[in-house]
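Visitor: Just one file: entry36.cif, with mmCIF, C-alpha atoms.
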```
data_work
loop_
_atom_site.label_atom_id
_atom_site.label_comp_id
_atom_site.auth_asym_id
_atom_site.auth_seq_id
_atom_site.Cartn_x
_atom_site.Cartn_y
_atom_site.Cartn_z
CA CYS A 1 -6.37 43.73 -14.45
CA ALA A 2 -7.51 40.11 -14.49
CA GLY A 3 -3.88 38.98 -14.15
CA LYS A 4 -3.38 41.19 -11.10
CA LEU A 5 -6.60 39.90 -9.54
CA SER A 6 -5.55 36.27 -10.06
CA SER A 7 -2.12 36.99 -8.57
CA ARG A 8 -3.68 38.64 -5.52
CA THR A 9 -6.12 35.76 -5.07
CA ALA A 10 -3.32 33.20 -5.37
CA LEU A 11 -1.30 35.17 -2.81
CA ALA A 12 -4.30 35.17 -0.46
CA VAL A 13 -4.55 31.38 -0.78
CA MET A 14 -0.85 30.99 -0.01
CA LEU A 15 -1.11 33.26 3.04
CA SER A 16 -4.12 31.28 4.26
CA LEU A 17 -2.13 28.06 3.90
CA LEU A 18 0.69 29.60 5.92
CA ALA A 19 -1.79 30.58 8.62
CA ILE A 20 -2.95 26.94 8.81
CA GLN A 21 0.57 25.55 9.16
CA LEU A 22 1.74 28.30 11.56
CA PRO A 23 -1.43 29.44 13.33
CA GLY A 24 0.54 31.61 15.74
CA LEU A 25 1.25 34.04 12.88
CA SER A 26 -2.40 34.92 12.42
CA PRO A 27 -5.16 35.88 14.88
CA GLN A 28 -7.79 34.49 12.51
CA PRO A 29 -9.37 31.09 13.16
CA PRO A 30 -7.85 28.21 11.14
CA THR A 31 -9.25 27.61 7.67
CA SER A 32 -9.89 24.09 6.43
CA ARG A 33 -8.31 22.72 3.26
CA ARG A 34 -11.84 22.20 1.97
CA ALA A 35 -12.66 25.90 2.36
CA LEU A 36 -9.45 26.87 0.63
CA LEU A 37 -10.24 24.62 -2.30
CA ARG A 38 -13.54 26.44 -2.69
CA GLN A 39 -11.79 29.82 -2.62
CA ALA A 40 -9.25 28.69 -5.19
CA GLY A 41 -11.73 27.05 -7.55
CA ALA A 42 -11.90 30.06 -9.85
CA LEU A 43 -8.13 30.02 -10.32
CA GLY A 44 -8.06 26.63 -12.02
CA ALA A 45 -6.45 23.28 -11.25
CA GLY A 46 -3.04 24.71 -10.28
CA ALA A 47 -4.41 26.91 -7.52
CA ALA A 48 -6.81 24.17 -6.44
CA GLY A 49 -3.86 21.84 -5.97
CA LEU A 50 -2.04 24.51 -3.98
CA ALA A 51 -5.04 25.07 -1.73
CA ALA A 52 -5.41 21.33 -1.15
CA ALA A 53 -1.74 20.79 -0.40
CA PRO A 54 -1.15 19.69 3.21
CA PRO A 55 1.69 20.91 5.45
CA ALA A 56 5.20 19.57 4.88
CA SER A 57 4.63 16.84 7.46
CA PHE A 58 2.05 15.36 5.08
CA ALA A 59 4.41 15.27 2.11
CA GLY A 60 3.92 11.52 1.76
CA LEU A 61 7.58 10.54 1.87
CA LEU A 62 7.44 9.14 5.40
CA PRO A 63 5.64 6.05 6.70
CA PRO A 64 2.01 6.67 7.72
CA LYS A 65 1.62 8.04 11.23
CA GLN A 66 -0.15 5.88 13.77
CA GLY A 67 -2.30 6.75 16.76
CA ILE A 68 -4.90 8.97 15.07
CA GLU A 69 -8.51 8.10 15.80
CA LYS A 70 -9.76 6.69 12.51
CA THR A 71 -13.03 7.69 10.87
CA LYS A 72 -14.90 4.83 9.23
CA PRO A 73 -16.09 5.28 5.63
CA ALA A 74 -19.71 5.10 6.78
CA ASP A 75 -19.12 7.99 9.20
CA ALA A 76 -17.30 10.26 6.75
CA GLU A 77 -18.89 13.61 5.94
CA LEU A 78 -18.27 15.04 2.50
CA ASP A 79 -19.13 18.12 0.50
CA ASP A 80 -21.37 17.11 -2.42
CA GLU A 81 -20.70 20.33 -4.30
CA LEU A 82 -16.94 19.85 -4.17
CA LEU A 83 -17.35 16.18 -5.01
CA ALA A 84 -19.09 17.20 -8.25
CA SER A 85 -16.39 19.73 -9.17
CA LYS A 86 -14.23 19.11 -12.22
CA SER A 87 -10.97 19.15 -10.25
CA VAL A 88 -12.17 16.42 -7.89
CA ARG A 89 -13.72 14.32 -10.64
CA ASP A 90 -10.55 14.56 -12.69
CA GLY A 91 -8.50 13.62 -9.63
CA ILE A 92 -10.60 10.53 -8.91
CA ALA A 93 -10.34 9.45 -12.55
CA ALA A 94 -6.55 9.87 -12.40
CA LEU A 95 -6.30 7.79 -9.21
CA LYS A 96 -8.37 5.02 -10.76
CA GLN A 97 -6.00 5.01 -13.73
CA TYR A 98 -2.97 4.84 -11.43
CA ARG A 99 -4.47 1.81 -9.74
CA LYS A 100 -5.16 0.13 -13.09
CA SER A 101 -1.58 0.82 -14.17
CA ALA A 102 -0.25 -0.76 -10.97
CA ILE A 103 -2.37 -3.88 -11.50
CA SER A 104 -1.21 -4.15 -15.11
CA LEU A 105 2.42 -3.75 -14.06
CA GLN A 106 1.98 -6.39 -11.37
CA ASP A 107 0.64 -8.81 -13.98
CA GLN A 108 3.67 -8.15 -16.19
CA PHE A 109 6.00 -8.71 -13.25
CA ALA A 110 4.28 -12.01 -12.43
CA LYS A 111 5.28 -13.23 -15.91
CA ASP A 112 8.83 -11.91 -15.72
CA GLY A 113 10.29 -11.49 -12.25
CA ASN A 114 13.49 -10.04 -13.70
CA MET A 115 11.94 -7.23 -15.73
CA ASN A 116 13.35 -3.74 -15.28
CA LEU A 117 10.55 -2.15 -13.29
CA ILE A 118 11.95 1.25 -12.37
CA PRO A 119 11.69 2.93 -15.80
CA VAL A 120 8.10 1.72 -16.09
CA ILE A 121 7.21 2.88 -12.58
CA ARG A 122 8.62 6.34 -13.29
CA LYS A 123 6.79 6.49 -16.61
CA GLU A 124 3.41 5.40 -15.23
CA PHE A 125 3.54 7.23 -11.88
CA ASP A 126 4.29 10.93 -11.70
CA PHE A 127 4.80 11.20 -7.94
CA SER A 128 4.20 14.95 -7.87
CA LYS A 129 0.99 14.72 -9.90
CA LEU A 130 -0.19 11.73 -7.87
CA ARG A 131 0.35 13.63 -4.63
CA ASP A 132 -1.58 16.62 -6.00
CA ASP A 133 -4.49 14.40 -7.08
CA LEU A 134 -4.60 12.73 -3.67
CA ASN A 135 -4.61 16.10 -1.91
CA VAL A 136 -7.39 17.50 -4.10
CA VAL A 137 -9.80 14.56 -3.92
CA THR A 138 -9.56 14.18 -0.14
CA THR A 139 -10.45 17.83 0.39
CA VAL A 140 -14.13 16.91 -0.06
CA PHE A 141 -14.12 15.38 3.44
CA ASP A 142 -14.61 17.07 6.79
CA ASP A 143 -11.50 17.89 8.80
CA GLN A 144 -11.83 14.88 11.11
CA THR A 145 -12.15 12.44 8.21
CA GLN A 146 -9.16 14.04 6.51
CA LEU A 147 -7.00 12.87 9.41
CA THR A 148 -7.79 9.33 8.29
CA THR A 149 -7.69 9.89 4.53
CA ASP A 150 -4.34 11.66 4.93
CA GLN A 151 -3.03 8.39 6.36
CA ARG A 152 -4.29 6.60 3.27
CA THR A 153 -2.67 9.09 0.90
CA ARG A 154 0.66 8.91 2.71
CA SER A 155 0.47 5.12 2.56
CA ILE A 156 -0.01 5.17 -1.22
CA ILE A 157 3.00 7.44 -1.79
CA TYR A 158 5.05 5.38 0.67
CA ASP A 159 4.06 2.13 -1.07
CA LEU A 160 5.22 3.46 -4.43
CA THR A 161 8.50 4.66 -2.94
CA GLU A 162 9.14 1.27 -1.35
CA LEU A 163 8.06 -0.54 -4.53
CA GLU A 164 10.70 1.35 -6.49
CA ASN A 165 13.32 0.61 -3.84
CA ALA A 166 12.44 -3.09 -3.80
CA ALA A 167 12.53 -3.23 -7.62
CA ARG A 168 16.14 -2.08 -7.92
CA LEU A 169 18.54 -4.51 -9.56
CA LYS A 170 22.19 -4.64 -8.56
CA LYS A 171 24.60 -3.45 -11.21
CA GLY A 172 25.79 -6.41 -13.21
CA ASP A 173 23.18 -8.73 -11.69
CA PRO A 174 20.02 -8.74 -13.86
CA GLU A 175 18.28 -11.50 -11.88
CA ARG A 176 16.21 -11.29 -8.71
CA THR A 177 16.22 -13.97 -6.05
CA PRO A 178 12.87 -15.49 -5.01
CA LYS A 179 13.08 -13.40 -1.83
CA LYS A 180 13.46 -10.17 -3.81
CA ILE A 181 10.61 -11.13 -6.13
CA ALA A 182 8.38 -11.76 -3.11
CA ASN A 183 9.33 -8.38 -1.65
CA VAL A 184 8.35 -6.59 -4.87
CA GLN A 185 5.04 -8.47 -4.97
CA LYS A 186 4.40 -7.49 -1.35
CA TRP A 187 4.48 -3.79 -2.24
CA PHE A 188 2.26 -4.30 -5.28
CA VAL A 189 -0.33 -5.98 -3.03
CA LYS A 190 -0.11 -3.27 -0.37
CA LEU A 191 -0.40 -0.49 -2.96
CA ASP A 192 -3.58 -1.99 -4.39
CA LYS A 193 -5.03 -2.45 -0.90
CA ASP A 194 -4.31 1.16 0.07
CA PHE A 195 -5.93 2.47 -3.11
CA GLY A 196 -8.96 0.32 -2.28
CA ASP A 197 -9.05 1.55 1.32
CA LEU A 198 -9.08 5.16 0.13
CA PHE A 199 -11.76 4.53 -2.49
CA GLU A 200 -14.06 3.15 0.23
CA TYR A 201 -14.56 6.73 1.44
CA PHE A 202 -16.05 7.85 -1.87
CA PRO A 203 -19.61 7.06 -2.98
CA ALA A 204 -20.03 4.69 -5.91
CA SER A 205 -21.52 7.51 -7.96
CA ALA A 206 -18.21 9.40 -7.75
CA LEU A 207 -16.07 6.36 -8.53
CA ASN A 208 -18.26 5.33 -11.48
CA TYR A 209 -18.80 8.82 -12.89
CA VAL A 210 -18.43 9.00 -16.66
CA PRO A 211 -17.99 12.51 -18.09
CA PRO A 212 -20.43 13.49 -20.83
CA PRO A 213 -19.11 13.29 -24.39
CA PRO A 214 -17.83 16.51 -25.93
CA PRO A 215 -20.32 18.46 -28.03
CA PRO A 216 -20.35 17.64 -31.74
CA PRO A 217 -18.40 19.96 -34.02
CA PRO A 218 -20.39 22.75 -35.65
CA PRO A 219 -21.73 22.02 -39.12
CA PRO A 220 -19.66 23.31 -42.02
CA ALA A 221 -20.48 26.76 -43.19
CA ALA A 222 -22.91 26.85 -46.08
CA GLU A 223 -21.37 27.67 -49.40
CA GLU A 224 -22.50 30.93 -50.90
#
```
Would you give me this structure, written as structure tokens?
Guide:
Amino acid sequence: CAGKLSSRTALAVMLSLLAIQLPGLSPQPPTSRRALLRQAGALGAGAAGLAAAPPASFAGLLPPKQGIEKTKPADAELDDELLASKSVRDGIAALKQYRKSAISLQDQFAKDGNMNLIPVIRKEFDFSKLRDDLNVVTTVFDDQTQLTTDQRTRSIIYDLTELENAARLKKGDPERTPKKIANVQKWFVKLDKDFGDLFEYFPASALNYVPPPPPPPPPPAAEE
């Protein structure tokens, strides 16, 4: 019975997402990604990621769109309850780790401009998981602010894609020219900046949150 209920709830979330992307198919008013994340919270992280997923145009594989009126971090409205949820806290922690990994990789590249970056990039950055984390954490914002944070998330995915492209070595040529090294460094710098720009929209309490330690194990059973 519980399995059927979860399946029905997941289907309802998917239908709601379809109504957002193709509003002409439904007479109901559009539902925000933030509201869908609330509805999907009981289904776990997988459904939460589905509810937070933007339309295909926000897939993150294209350059950021221009021309949208930007919301400043100081003017952003956010949902404190969602911000304190486990899925959002876990997502923020994951994004912070991605940024640390990028900085560490940039330091390694500064010491060896001919290192093989692509295997390391693919190991450290799961593009699908990164996109899910970005979608989930930005759902805490109001719809207007999400227009701006969506630009930031697309920029981060785009930066990583271009970083990998710039890092490619020609077959049989294991050395990079100074121009190619500078191009790789450019994308490292932009990636770090775009992470920083996104983090400006979150309060320090969310960025510095440390989860409580797990409870201690139960004492051993007394011997009879």
Visitor: If I take CA of Asn114 (chain A) and CA of Glu175 (chain A), how far is one from the other in Å, to one decimal?
Guide: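 CA of Glu175 (chain A) lies 5.3 Å from CA of Asn114 (chain A).
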Visitor: Can you work out the spacing between CA of Asp75 (chain A) and CA of Asp194 (chain A) in Å, to one decimal?
Guide: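 One can read the CA of Asp75 (chain A) to CA of Asp194 (chain A) distance as 18.7 Å.
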Visitor: In Å, with one decimal, what is the gap from CA of Arg122 (chain A) to CA of Glu200 (chain A)?
Guide: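 Atom-to-atom, CA of Arg122 (chain A) and CA of Glu200 (chain A) are spaced 26.6 Å apart.
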Visitor: Expand the PyMOL selection byres ((chain A and resi 153) around 8) into the explicit residue set it covers here, and present it as a VMD selection string.
Guide: chain A and resid 60 131 134 to 135 149 to 152 154 to 157 198
Visitor: Report as JSON, numbers by chain the full result of the PyMOL selection byres ((chain A and resi 144) around 12) when it is applied to this structure.
Guide: {"A": [32, 33, 34, 68, 69, 70, 71, 72, 73, 75, 76, 77, 78, 138, 139, 140, 141, 142, 143, 145, 146, 147, 148, 149, 150, 151]}
Visitor: Write out the residues from the selection above, keeping C-alpha atoms, as an mmCIF file, in the frame of the given file.
Guide:
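result.cif, written as the output of this step:
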```cif
data_model
loop_
_atom_site.group_PDB
_atom_site.id
_atom_site.type_symbol
_atom_site.label_atom_id
_atom_site.label_comp_id
_atom_site.auth_asym_id
_atom_site.auth_seq_id
_atom_site.Cartn_x
_atom_site.Cartn_y
_atom_site.Cartn_z
ATOM 1 C CA SER A 32 -9.890 24.090 6.430
ATOM 2 C CA ARG A 33 -8.310 22.720 3.260
ATOM 3 C CA ARG A 34 -11.840 22.200 1.970
ATOM 4 C CA ILE A 68 -4.900 8.970 15.070
ATOM 5 C CA GLU A 69 -8.510 8.100 15.800
ATOM 6 C CA LYS A 70 -9.760 6.690 12.510
ATOM 7 C CA THR A 71 -13.030 7.690 10.870
ATOM 8 C CA LYS A 72 -14.900 4.830 9.230
ATOM 9 C CA PRO A 73 -16.090 5.280 5.630
ATOM 10 C CA ASP A 75 -19.120 7.990 9.200
ATOM 11 C CA ALA A 76 -17.300 10.260 6.750
ATOM 12 C CA GLU A 77 -18.890 13.610 5.940
ATOM 13 C CA LEU A 78 -18.270 15.040 2.500
ATOM 14 C CA THR A 138 -9.560 14.180 -0.140
ATOM 15 C CA THR A 139 -10.450 17.830 0.390
ATOM 16 C CA VAL A 140 -14.130 16.910 -0.060
ATOM 17 C CA PHE A 141 -14.120 15.380 3.440
ATOM 18 C CA ASP A 142 -14.610 17.070 6.790
ATOM 19 C CA ASP A 143 -11.500 17.890 8.800
ATOM 20 C CA THR A 145 -12.150 12.440 8.210
ATOM 21 C CA GLN A 146 -9.160 14.040 6.510
ATOM 22 C CA LEU A 147 -7.000 12.870 9.410
ATOM 23 C CA THR A 148 -7.790 9.330 8.290
ATOM 24 C CA THR A 149 -7.690 9.890 4.530
ATOM 25 C CA ASP A 150 -4.340 11.660 4.930
ATOM 26 C CA GLN A 151 -3.030 8.390 6.360
#
```
Visitor: What lies within 7 Å of region 117-120 of chain A using only C-alpha atoms, ignoring chain neighbours under 6 positions off, as a list in words?
Guide: Glu164, Ala167 and Arg168 of chain A
Visitor: Set out as JSON lines a contact list for region 132-160 of chain A and region 83-96 of chain A with a cut-off of 7 Å, giving each residue of region 132-160 of chain A that qualifies its closest atom pair and distance in Å to one decimal, counting all atoms listed in the file, ordered by chain and rising residue number.
Guide:
```
{"residue": "A:Asp133", "atom": "CA", "partner": "A:Gly91", "partner_atom": "CA", "distance": 4.8}
{"residue": "A:Val136", "atom": "CA", "partner": "A:Val88", "partner_atom": "CA", "distance": 6.2}
{"residue": "A:Val137", "atom": "CA", "partner": "A:Val88", "partner_atom": "CA", "distance": 5.0}
{"residue": "A:Val140", "atom": "CA", "partner": "A:Leu83", "partner_atom": "CA", "distance": 6.0}
```
Visitor: Grab the residues selected above and save them as an mmCIF file, in the frame of the given file with C-alpha atoms.
Guide:
```
data_model
loop_
_atom_site.group_PDB
_atom_site.id
_atom_site.type_symbol
_atom_site.label_atom_id
_atom_site.label_comp_id
_atom_site.auth_asym_id
_atom_site.auth_seq_id
_atom_site.Cartn_x
_atom_site.Cartn_y
_atom_site.Cartn_z
ATOM 1 C CA ASP A 133 -4.490 14.400 -7.080
ATOM 2 C CA VAL A 136 -7.390 17.500 -4.100
ATOM 3 C CA VAL A 137 -9.800 14.560 -3.920
ATOM 4 C CA VAL A 140 -14.130 16.910 -0.060
#
```
Visitor: Would you list the contacts of Lys186 (chain A) as a PyMOL selection string, taking every protein, DNA or RNA residue within 10 Å and counting all atoms listed in the file, but skipping same-chain residues closer than 6 positions in sequence?
Guide: chain A and resi 159+162-163+166+180
